[in-house]
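Note: the block below is coords35.cif and it holds mmCIF, C-alpha atoms.
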data_coords
#
loop_
_atom_site.label_atom_id
_atom_site.label_comp_id
_atom_site.auth_asym_id
_atom_site.auth_seq_id
_atom_site.Cartn_x
_atom_site.Cartn_y
_atom_site.Cartn_z
CA MET A 1 0.00 0.00 0.00
CA LYS A 2 2.71 2.47 1.02
CA SER A 3 4.93 1.42 -1.89
CA LEU A 4 2.02 2.09 -4.25
CA ILE A 5 1.60 5.62 -2.85
CA LEU A 6 5.37 6.21 -3.17
CA PHE A 7 5.24 4.94 -6.76
CA PHE A 8 2.49 7.37 -7.71
CA ILE A 9 4.24 10.31 -6.01
CA LEU A 10 7.45 9.53 -7.91
CA LEU A 11 5.56 9.10 -11.20
CA THR A 12 3.77 12.45 -10.77
CA LEU A 13 7.12 14.09 -10.09
CA TRP A 14 8.58 12.48 -13.24
CA LEU A 15 5.67 13.62 -15.41
CA LEU A 16 5.80 17.18 -14.07
CA MET A 17 9.56 17.49 -14.39
CA SER A 18 10.01 15.92 -17.83
CA GLY A 19 7.37 17.72 -19.92
CA TYR A 20 7.77 15.25 -22.81
CA TYR A 21 4.76 13.00 -23.19
CA ASN A 22 5.67 10.27 -25.70
CA ILE A 23 5.51 6.54 -25.13
CA LEU A 24 9.26 5.99 -24.86
CA LEU A 25 9.90 8.55 -22.12
CA ILE A 26 6.80 7.70 -20.09
CA SER A 27 7.69 3.99 -20.12
CA LEU A 28 11.24 4.84 -19.08
CA GLY A 29 9.75 6.88 -16.25
CA ILE A 30 7.54 4.03 -15.11
CA ILE A 31 10.50 1.63 -15.16
CA SER A 32 12.77 3.94 -13.16
CA CYS A 33 10.04 4.75 -10.59
CA ALA A 34 9.37 1.03 -10.15
CA PHE A 35 13.11 0.42 -9.70
CA CYS A 36 13.32 3.19 -7.06
CA VAL A 37 10.37 1.73 -5.16
CA PHE A 38 12.01 -1.72 -5.37
CA VAL A 39 15.28 -0.39 -3.95
CA ALA A 40 13.45 1.50 -1.18
CA LYS A 41 11.45 -1.58 -0.27
CA ARG A 42 14.56 -3.76 -0.24
CA GLY A 43 16.29 -1.21 2.01
CA LYS A 44 13.19 -1.23 4.30
CA ILE A 45 12.90 2.57 4.32
CA ILE A 46 9.22 2.76 3.39
CA ASP A 47 7.69 3.28 6.85
CA ASP A 48 6.05 6.10 8.79
CA GLU A 49 9.36 7.93 8.92
CA GLY A 50 10.24 7.66 5.26
CA LEU A 51 6.76 8.46 3.99
CA PRO A 52 4.76 10.33 6.67
CA ILE A 53 1.32 10.08 5.07
CA PHE A 54 -0.40 10.46 8.45
CA PHE A 55 0.44 14.19 8.19
CA MET A 56 -1.49 14.61 4.97
CA PRO A 57 -5.07 15.41 6.11
CA ARG A 58 -4.00 18.34 8.32
CA LEU A 59 -0.87 19.43 6.46
CA LEU A 60 -2.40 22.28 4.41
CA ASN A 61 -3.92 23.92 7.48
CA TYR A 62 -0.59 23.72 9.31
CA LEU A 63 1.39 25.08 6.36
CA ILE A 64 -0.85 28.15 6.04
CA TRP A 65 -0.36 28.87 9.75
CA LEU A 66 3.40 28.30 9.41
CA PHE A 67 3.69 30.68 6.43
CA LYS A 68 1.88 33.36 8.41
CA GLU A 69 4.29 32.82 11.35
CA ILE A 70 7.33 32.95 9.04
CA LEU A 71 6.15 36.22 7.50
CA MET A 72 5.50 37.82 10.90
CA SER A 73 8.86 36.76 12.35
CA ASN A 74 10.67 37.91 9.20
CA LEU A 75 9.26 41.39 9.79
CA ALA A 76 10.28 41.23 13.47
CA THR A 77 13.81 40.04 12.59
CA ALA A 78 14.23 42.83 10.05
CA LYS A 79 13.18 45.33 12.72
CA VAL A 80 15.66 43.87 15.23
CA ILE A 81 18.52 43.98 12.70
CA ILE A 82 17.77 47.60 11.78
CA ASN A 83 17.18 48.83 15.35
CA GLY A 84 19.99 46.74 16.80
CA ASN A 85 18.33 45.79 20.11
CA VAL A 86 19.86 42.31 20.14
CA GLU A 87 19.66 40.43 23.45
CA PRO A 88 20.29 36.79 22.56
CA GLU A 89 19.04 34.14 24.96
CA THR A 90 19.29 30.39 25.13
CA PHE A 91 16.78 28.11 26.80
CA THR A 92 15.29 24.63 26.60
CA VAL A 93 11.77 23.57 25.68
CA LYS A 94 10.01 20.23 25.90
CA ALA A 95 8.50 18.63 22.81
CA SER A 96 5.31 16.65 23.43
CA GLN A 97 5.30 14.69 20.14
CA VAL A 98 5.49 10.91 20.07
CA THR A 99 7.09 10.03 16.72
CA ASP A 100 10.56 11.07 15.61
CA VAL A 101 9.34 12.59 12.36
CA ALA A 102 6.97 14.92 14.24
CA LYS A 103 9.81 16.01 16.53
CA VAL A 104 11.91 16.79 13.46
CA THR A 105 8.98 18.76 12.03
CA TYR A 106 8.75 20.77 15.25
CA ALA A 107 12.50 21.46 15.36
CA ASN A 108 12.51 22.44 11.69
CA SER A 109 9.51 24.74 12.20
CA ILE A 110 11.36 26.49 15.04
CA THR A 111 14.41 26.90 12.82
CA LEU A 112 12.38 28.06 9.80
CA THR A 113 10.88 31.01 11.64
CA PRO A 114 13.74 33.52 11.67
CA GLY A 115 14.69 34.68 15.16
CA THR A 116 14.73 31.21 16.69
CA VAL A 117 17.09 28.31 15.99
CA THR A 118 17.16 24.82 17.46
CA THR A 119 20.79 24.26 18.38
CA LYS A 120 20.74 20.87 20.07
CA MET A 121 18.29 18.12 20.88
CA GLN A 122 18.26 15.26 23.36
CA LYS A 123 15.31 12.85 23.28
CA ASN A 124 12.42 15.31 23.68
CA ILE A 125 14.23 18.36 25.03
CA PHE A 126 15.28 21.02 22.52
CA GLU A 127 17.81 23.74 23.18
CA VAL A 128 16.63 26.89 21.41
CA HIS A 129 18.56 30.08 20.70
CA ALA A 130 16.45 33.22 20.27
CA LEU A 131 17.49 36.64 19.02
CA ASN A 132 15.37 38.54 21.51
CA SER A 133 13.13 37.83 24.48
CA ASP A 134 10.04 38.41 22.27
CA PHE A 135 11.06 35.55 19.97
CA GLY A 136 11.87 33.43 23.03
CA ASN A 137 8.42 34.04 24.51
CA ASP A 138 6.82 32.98 21.21
CA VAL A 139 8.46 29.56 21.55
CA ARG A 140 7.93 29.28 25.32
CA THR A 141 4.16 29.71 25.00
CA ASN A 142 4.18 26.25 23.33
CA GLU A 143 1.70 27.31 20.63
CA MET A 144 3.79 25.73 17.88
CA ASP A 145 4.30 22.60 19.98
CA LYS A 146 0.53 22.16 20.27
CA LYS A 147 0.08 22.75 16.53
CA VAL A 148 2.64 20.08 15.62
CA THR A 149 1.14 17.62 18.11
CA TRP A 150 -2.22 18.27 16.48
CA LEU A 151 -0.62 17.76 13.04
CA GLU A 152 0.79 14.44 14.19
CA GLY A 153 -2.65 13.33 15.33
CA LYS A 154 -1.48 10.50 17.60
CA LYS A 155 -3.01 11.84 20.81
CA MET B 156 -3.11 42.43 -17.71
CA GLU B 157 0.57 42.12 -18.62
CA LEU B 158 1.24 45.42 -16.89
CA ILE B 159 -0.46 44.35 -13.65
CA LEU B 160 1.57 41.13 -13.56
CA ASP B 161 4.76 43.10 -14.23
CA ILE B 162 3.93 45.44 -11.34
CA PHE B 163 3.31 42.46 -9.01
CA THR B 164 6.65 40.95 -10.10
CA GLY B 165 8.37 44.24 -9.41
CA ILE B 166 6.87 44.52 -5.94
CA CYS B 167 7.86 40.93 -5.10
CA PHE B 168 11.43 41.42 -6.38
CA PHE B 169 11.68 44.66 -4.40
CA ILE B 170 10.58 43.03 -1.13
CA GLY B 171 12.84 40.04 -1.82
CA SER B 172 15.90 42.18 -2.50
CA LEU B 173 15.15 44.32 0.53
CA SER B 174 15.03 41.28 2.82
CA ILE B 175 18.24 39.89 1.31
CA ILE B 176 20.01 43.23 1.87
CA ILE B 177 18.75 43.44 5.47
CA GLY B 178 19.81 39.82 6.02
CA ALA B 179 23.28 40.54 4.62
CA CYS B 180 23.60 43.57 6.94
CA GLY B 181 22.57 41.33 9.82
CA LEU B 182 25.24 38.77 8.87
CA ILE B 183 27.87 41.45 9.39
CA LYS B 184 26.28 43.32 12.28
CA LEU B 185 25.11 40.64 14.72
CA PRO B 186 27.48 39.52 17.50
CA ASP B 187 28.10 35.75 17.19
CA VAL B 188 27.54 32.60 15.10
CA PHE B 189 24.13 31.80 16.55
CA SER B 190 22.72 35.28 16.00
CA ARG B 191 24.06 35.37 12.46
CA ILE B 192 22.17 32.18 11.63
CA HIS B 193 18.94 34.13 12.19
CA ALA B 194 19.95 36.66 9.54
CA ALA B 195 20.85 33.84 7.15
CA GLY B 196 17.49 32.23 7.90
CA MET B 197 15.79 35.45 6.90
CA ILE B 198 17.61 35.40 3.56
CA ASP B 199 16.58 31.89 2.71
CA THR B 200 12.96 32.14 3.79
CA ALA B 201 11.74 35.61 2.83
CA GLY B 202 14.33 36.30 0.13
CA THR B 203 13.84 33.15 -1.92
CA ALA B 204 10.09 32.98 -1.29
CA PHE B 205 9.46 36.46 -2.70
CA PHE B 206 11.81 35.95 -5.66
CA ILE B 207 10.09 32.69 -6.60
CA LEU B 208 6.67 34.33 -6.21
CA GLY B 209 7.74 37.13 -8.51
CA MET B 210 8.95 34.67 -11.13
CA ILE B 211 5.69 32.73 -10.89
CA PHE B 212 3.79 35.91 -11.86
CA GLN B 213 5.89 36.06 -15.04
CA THR B 214 5.55 32.42 -16.13
CA GLY B 215 1.79 32.11 -15.73
CA TRP B 216 0.34 28.58 -15.72
CA SER B 217 2.88 26.21 -17.26
CA LEU B 218 5.28 23.42 -16.34
CA ILE B 219 7.90 26.03 -15.45
CA THR B 220 5.61 27.24 -12.64
CA VAL B 221 5.57 23.71 -11.22
CA LYS B 222 9.36 23.58 -11.37
CA LEU B 223 9.64 26.94 -9.59
CA ILE B 224 7.27 25.72 -6.86
CA LEU B 225 9.37 22.55 -6.51
CA ILE B 226 12.54 24.65 -6.11
CA GLY B 227 10.71 26.54 -3.35
CA VAL B 228 9.62 23.31 -1.66
CA PHE B 229 13.14 21.87 -1.69
CA ILE B 230 14.65 25.05 -0.27
CA PHE B 231 11.86 25.10 2.34
CA PHE B 232 12.81 21.59 3.50
CA THR B 233 16.60 21.85 3.30
CA SER B 234 17.35 25.33 4.70
CA PRO B 235 16.37 24.59 8.33
CA VAL B 236 18.54 21.46 8.20
CA THR B 237 21.61 23.43 7.16
CA SER B 238 20.89 26.10 9.81
CA HIS B 239 20.54 23.40 12.46
CA VAL B 240 23.74 21.65 11.36
CA THR B 241 25.69 24.91 11.57
CA ALA B 242 24.33 25.67 15.05
CA ASN B 243 24.82 22.10 16.25
CA LEU B 244 28.43 21.97 15.02
CA ALA B 245 29.19 25.24 16.82
CA ARG B 246 27.72 23.76 20.03
CA GLN B 247 29.72 20.57 19.63
CA LYS B 248 32.90 22.65 19.39
CA ASN B 249 31.86 24.09 22.79
CA ILE B 250 31.16 27.59 21.47
CA LEU B 251 28.68 29.07 23.94
CA PRO B 252 26.24 31.70 22.69
CA VAL B 253 26.57 35.20 24.08
CA GLY B 254 23.68 36.65 26.08
CA LYS B 255 21.75 35.20 28.98
CA LYS B 256 20.99 31.54 29.44
CA ILE B 257 17.68 30.59 31.03
CA GLY B 258 17.59 27.42 33.07
CA LYS B 259 19.86 24.43 32.52
CA ILE B 260 21.34 24.12 29.06
CA LEU B 261 21.99 20.75 27.44
#

Let me see whether you can do it: turn the structure in this file into structure tokens.
Amino acid sequence: MKSLILFFILLTLWLLMSGYYNILLISLGIISCAFCVFVAKRGKIIDDEGLPIFFMPRLLNYLIWLFKEILMSNLATAKVIINGNVEPETFTVKASQVTDVAKVTYANSITLTPGTVTTKMQKNIFEVHALNSDFGNDVRTNEMDKKVTWLEGKK
Amino acid sequence: MELILDIFTGICFFIGSLSIIIGACGLIKLPDVFSRIHAAGMIDTAGTAFFILGMIFQTGWSLITVKLILIGVFIFFTSPVTSHVTANLARQKNILPVGKKIGKIL
């Protein structure tokens, strides 16, 4: 089931990237996608971590929220760089996700919003570096943590 | 119609270049490695996003649009990883960030 989904994702990518729709190239595409799926299956990397399809139903909602956050914090970072009121701070937060891929999503979301960077992680404790106490408070309110836990949908 | 799209492209390119310039200033101005990563993060989120948006206004609906969106998606997934690797390597070399530290640090 999962290998079938992977096959169709790869085939869509091939069709969109190639732009030539004759029989030879499409059949070559099908053969190479099937070979990739075969290699991935043999290497046992088609699991929840390699292909997180349990994110899919709520992903769009989360991405819209994340883009809004990224835009807001870009504005804030630009203001901090121009004004120069830099007071860096380092602290730790707890991640409440269960699966590894959701923890990675949370850490990457923290890093993607400018002004906060995940510098180190140990099990479910992240060390976060923030440019300013405002950015730090944004992470410490755990709003993003709750959003990612909701995106994961395991609780 | 062409004119409106051109104006949108111009606005997007302007905002993109502005954020790249501010990010570059931040790379020079901010105090240490960890703070500079924030400026770099600004370049590769806002800068690339607005440039790609501006180019999408020019291409209209075609396969090139899909390729531009895919470039955006790949940058979106890889840039936090590179930021994290830079920060993590600096921490492994025992470089401590300047500024205050709240609570116990890993």

Identify, on the basis of only C-alpha atoms, every residue whose closest approach to B:Pro252 does not exceed 9 Å; exclude the query and any residue fewer than 3 positions from it along the same chain; express the result as a PyMOL selection string.
(chain A and resi 88-90+129) or (chain B and resi 187-190+246+255-256)

Using the chain letters and numbers from this file, what does the PyMOL selection byres ((chain A and resi 56-71) around 9) select? Give the answer as a PDB file with C-alpha atoms, in the coordinates of the input.
ATOM      1  CA  PRO A  52       4.760  10.330   6.670  1.00  0.00           C
ATOM      2  CA  ILE A  53       1.320  10.080   5.070  1.00  0.00           C
ATOM      3  CA  PHE A  54      -0.400  10.460   8.450  1.00  0.00           C
ATOM      4  CA  PHE A  55       0.440  14.190   8.190  1.00  0.00           C
ATOM      5  CA  MET A  72       5.500  37.820  10.900  1.00  0.00           C
ATOM      6  CA  SER A  73       8.860  36.760  12.350  1.00  0.00           C
ATOM      7  CA  ASN A  74      10.670  37.910   9.200  1.00  0.00           C
ATOM      8  CA  LEU A  75       9.260  41.390   9.790  1.00  0.00           C
ATOM      9  CA  ALA A  76      10.280  41.230  13.470  1.00  0.00           C
ATOM     10  CA  SER A 109       9.510  24.740  12.200  1.00  0.00           C
ATOM     11  CA  LEU A 112      12.380  28.060   9.800  1.00  0.00           C
ATOM     12  CA  THR A 113      10.880  31.010  11.640  1.00  0.00           C
ATOM     13  CA  PRO A 114      13.740  33.520  11.670  1.00  0.00           C
ATOM     14  CA  MET A 144       3.790  25.730  17.880  1.00  0.00           C
ATOM     15  CA  LYS A 147       0.080  22.750  16.530  1.00  0.00           C
ATOM     16  CA  VAL A 148       2.640  20.080  15.620  1.00  0.00           C
ATOM     17  CA  TRP A 150      -2.220  18.270  16.480  1.00  0.00           C
ATOM     18  CA  LEU A 151      -0.620  17.760  13.040  1.00  0.00           C
ATOM     19  CA  GLU A 152       0.790  14.440  14.190  1.00  0.00           C
ATOM     20  CA  GLY A 153      -2.650  13.330  15.330  1.00  0.00           C
TER      21      GLY A 153
ATOM     22  CA  THR B 200      12.960  32.140   3.790  1.00  0.00           C
ATOM     23  CA  ALA B 201      11.740  35.610   2.830  1.00  0.00           C
TER      24      ALA B 201
END

Quick one: residues within 8 Å of (16.1, 40.0, 20.9) (file frame), counting all atoms listed in the file, please, as a VMD selection string.
chain A and resid 80 85 to 89 115 130 to 135

Residues matched by the PyMOL selection byres ((chain B and resi 173-180) around 8) as an mmCIF file with C-alpha atoms, keeping the file's coordinate frame:
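This is the output file out27.cif:
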data_model
loop_
_atom_site.group_PDB
_atom_site.id
_atom_site.type_symbol
_atom_site.label_atom_id
_atom_site.label_comp_id
_atom_site.auth_asym_id
_atom_site.auth_seq_id
_atom_site.Cartn_x
_atom_site.Cartn_y
_atom_site.Cartn_z
ATOM 1 C CA ALA A 78 14.230 42.830 10.050
ATOM 2 C CA ILE A 81 18.520 43.980 12.700
ATOM 3 C CA ILE A 82 17.770 47.600 11.780
ATOM 4 C CA PHE B 169 11.680 44.660 -4.400
ATOM 5 C CA ILE B 170 10.580 43.030 -1.130
ATOM 6 C CA GLY B 171 12.840 40.040 -1.820
ATOM 7 C CA SER B 172 15.900 42.180 -2.500
ATOM 8 C CA GLY B 181 22.570 41.330 9.820
ATOM 9 C CA LEU B 182 25.240 38.770 8.870
ATOM 10 C CA ILE B 183 27.870 41.450 9.390
ATOM 11 C CA LYS B 184 26.280 43.320 12.280
ATOM 12 C CA ALA B 194 19.950 36.660 9.540
ATOM 13 C CA ALA B 195 20.850 33.840 7.150
ATOM 14 C CA MET B 197 15.790 35.450 6.900
ATOM 15 C CA ILE B 198 17.610 35.400 3.560
ATOM 16 C CA ALA B 201 11.740 35.610 2.830
ATOM 17 C CA GLY B 202 14.330 36.300 0.130
#

Selection as a ChimeraX atom specification: residues within 10 Å of (9.2, 31.4, -10.9), counting all atoms listed in the file
/B:164,204-215,219-227

Taking C-alpha atoms for each residue, export the selection above as a PDB file, in the frame of the given file.
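Full text of again-v4.pdb as output:
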ATOM      1  CA  THR B 164       6.650  40.950 -10.100  1.00  0.00           C
ATOM      2  CA  ALA B 204      10.090  32.980  -1.290  1.00  0.00           C
ATOM      3  CA  PHE B 205       9.460  36.460  -2.700  1.00  0.00           C
ATOM      4  CA  PHE B 206      11.810  35.950  -5.660  1.00  0.00           C
ATOM      5  CA  ILE B 207      10.090  32.690  -6.600  1.00  0.00           C
ATOM      6  CA  LEU B 208       6.670  34.330  -6.210  1.00  0.00           C
ATOM      7  CA  GLY B 209       7.740  37.130  -8.510  1.00  0.00           C
ATOM      8  CA  MET B 210       8.950  34.670 -11.130  1.00  0.00           C
ATOM      9  CA  ILE B 211       5.690  32.730 -10.890  1.00  0.00           C
ATOM     10  CA  PHE B 212       3.790  35.910 -11.860  1.00  0.00           C
ATOM     11  CA  GLN B 213       5.890  36.060 -15.040  1.00  0.00           C
ATOM     12  CA  THR B 214       5.550  32.420 -16.130  1.00  0.00           C
ATOM     13  CA  GLY B 215       1.790  32.110 -15.730  1.00  0.00           C
ATOM     14  CA  ILE B 219       7.900  26.030 -15.450  1.00  0.00           C
ATOM     15  CA  THR B 220       5.610  27.240 -12.640  1.00  0.00           C
ATOM     16  CA  VAL B 221       5.570  23.710 -11.220  1.00  0.00           C
ATOM     17  CA  LYS B 222       9.360  23.580 -11.370  1.00  0.00           C
ATOM     18  CA  LEU B 223       9.640  26.940  -9.590  1.00  0.00           C
ATOM     19  CA  ILE B 224       7.270  25.720  -6.860  1.00  0.00           C
ATOM     20  CA  LEU B 225       9.370  22.550  -6.510  1.00  0.00           C
ATOM     21  CA  ILE B 226      12.540  24.650  -6.110  1.00  0.00           C
ATOM     22  CA  GLY B 227      10.710  26.540  -3.350  1.00  0.00           C
TER      23      GLY B 227
END

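Coordinates place atom CA of A:Leu16 at a distance of 24.0 Å from atom CA of A:Lys41.
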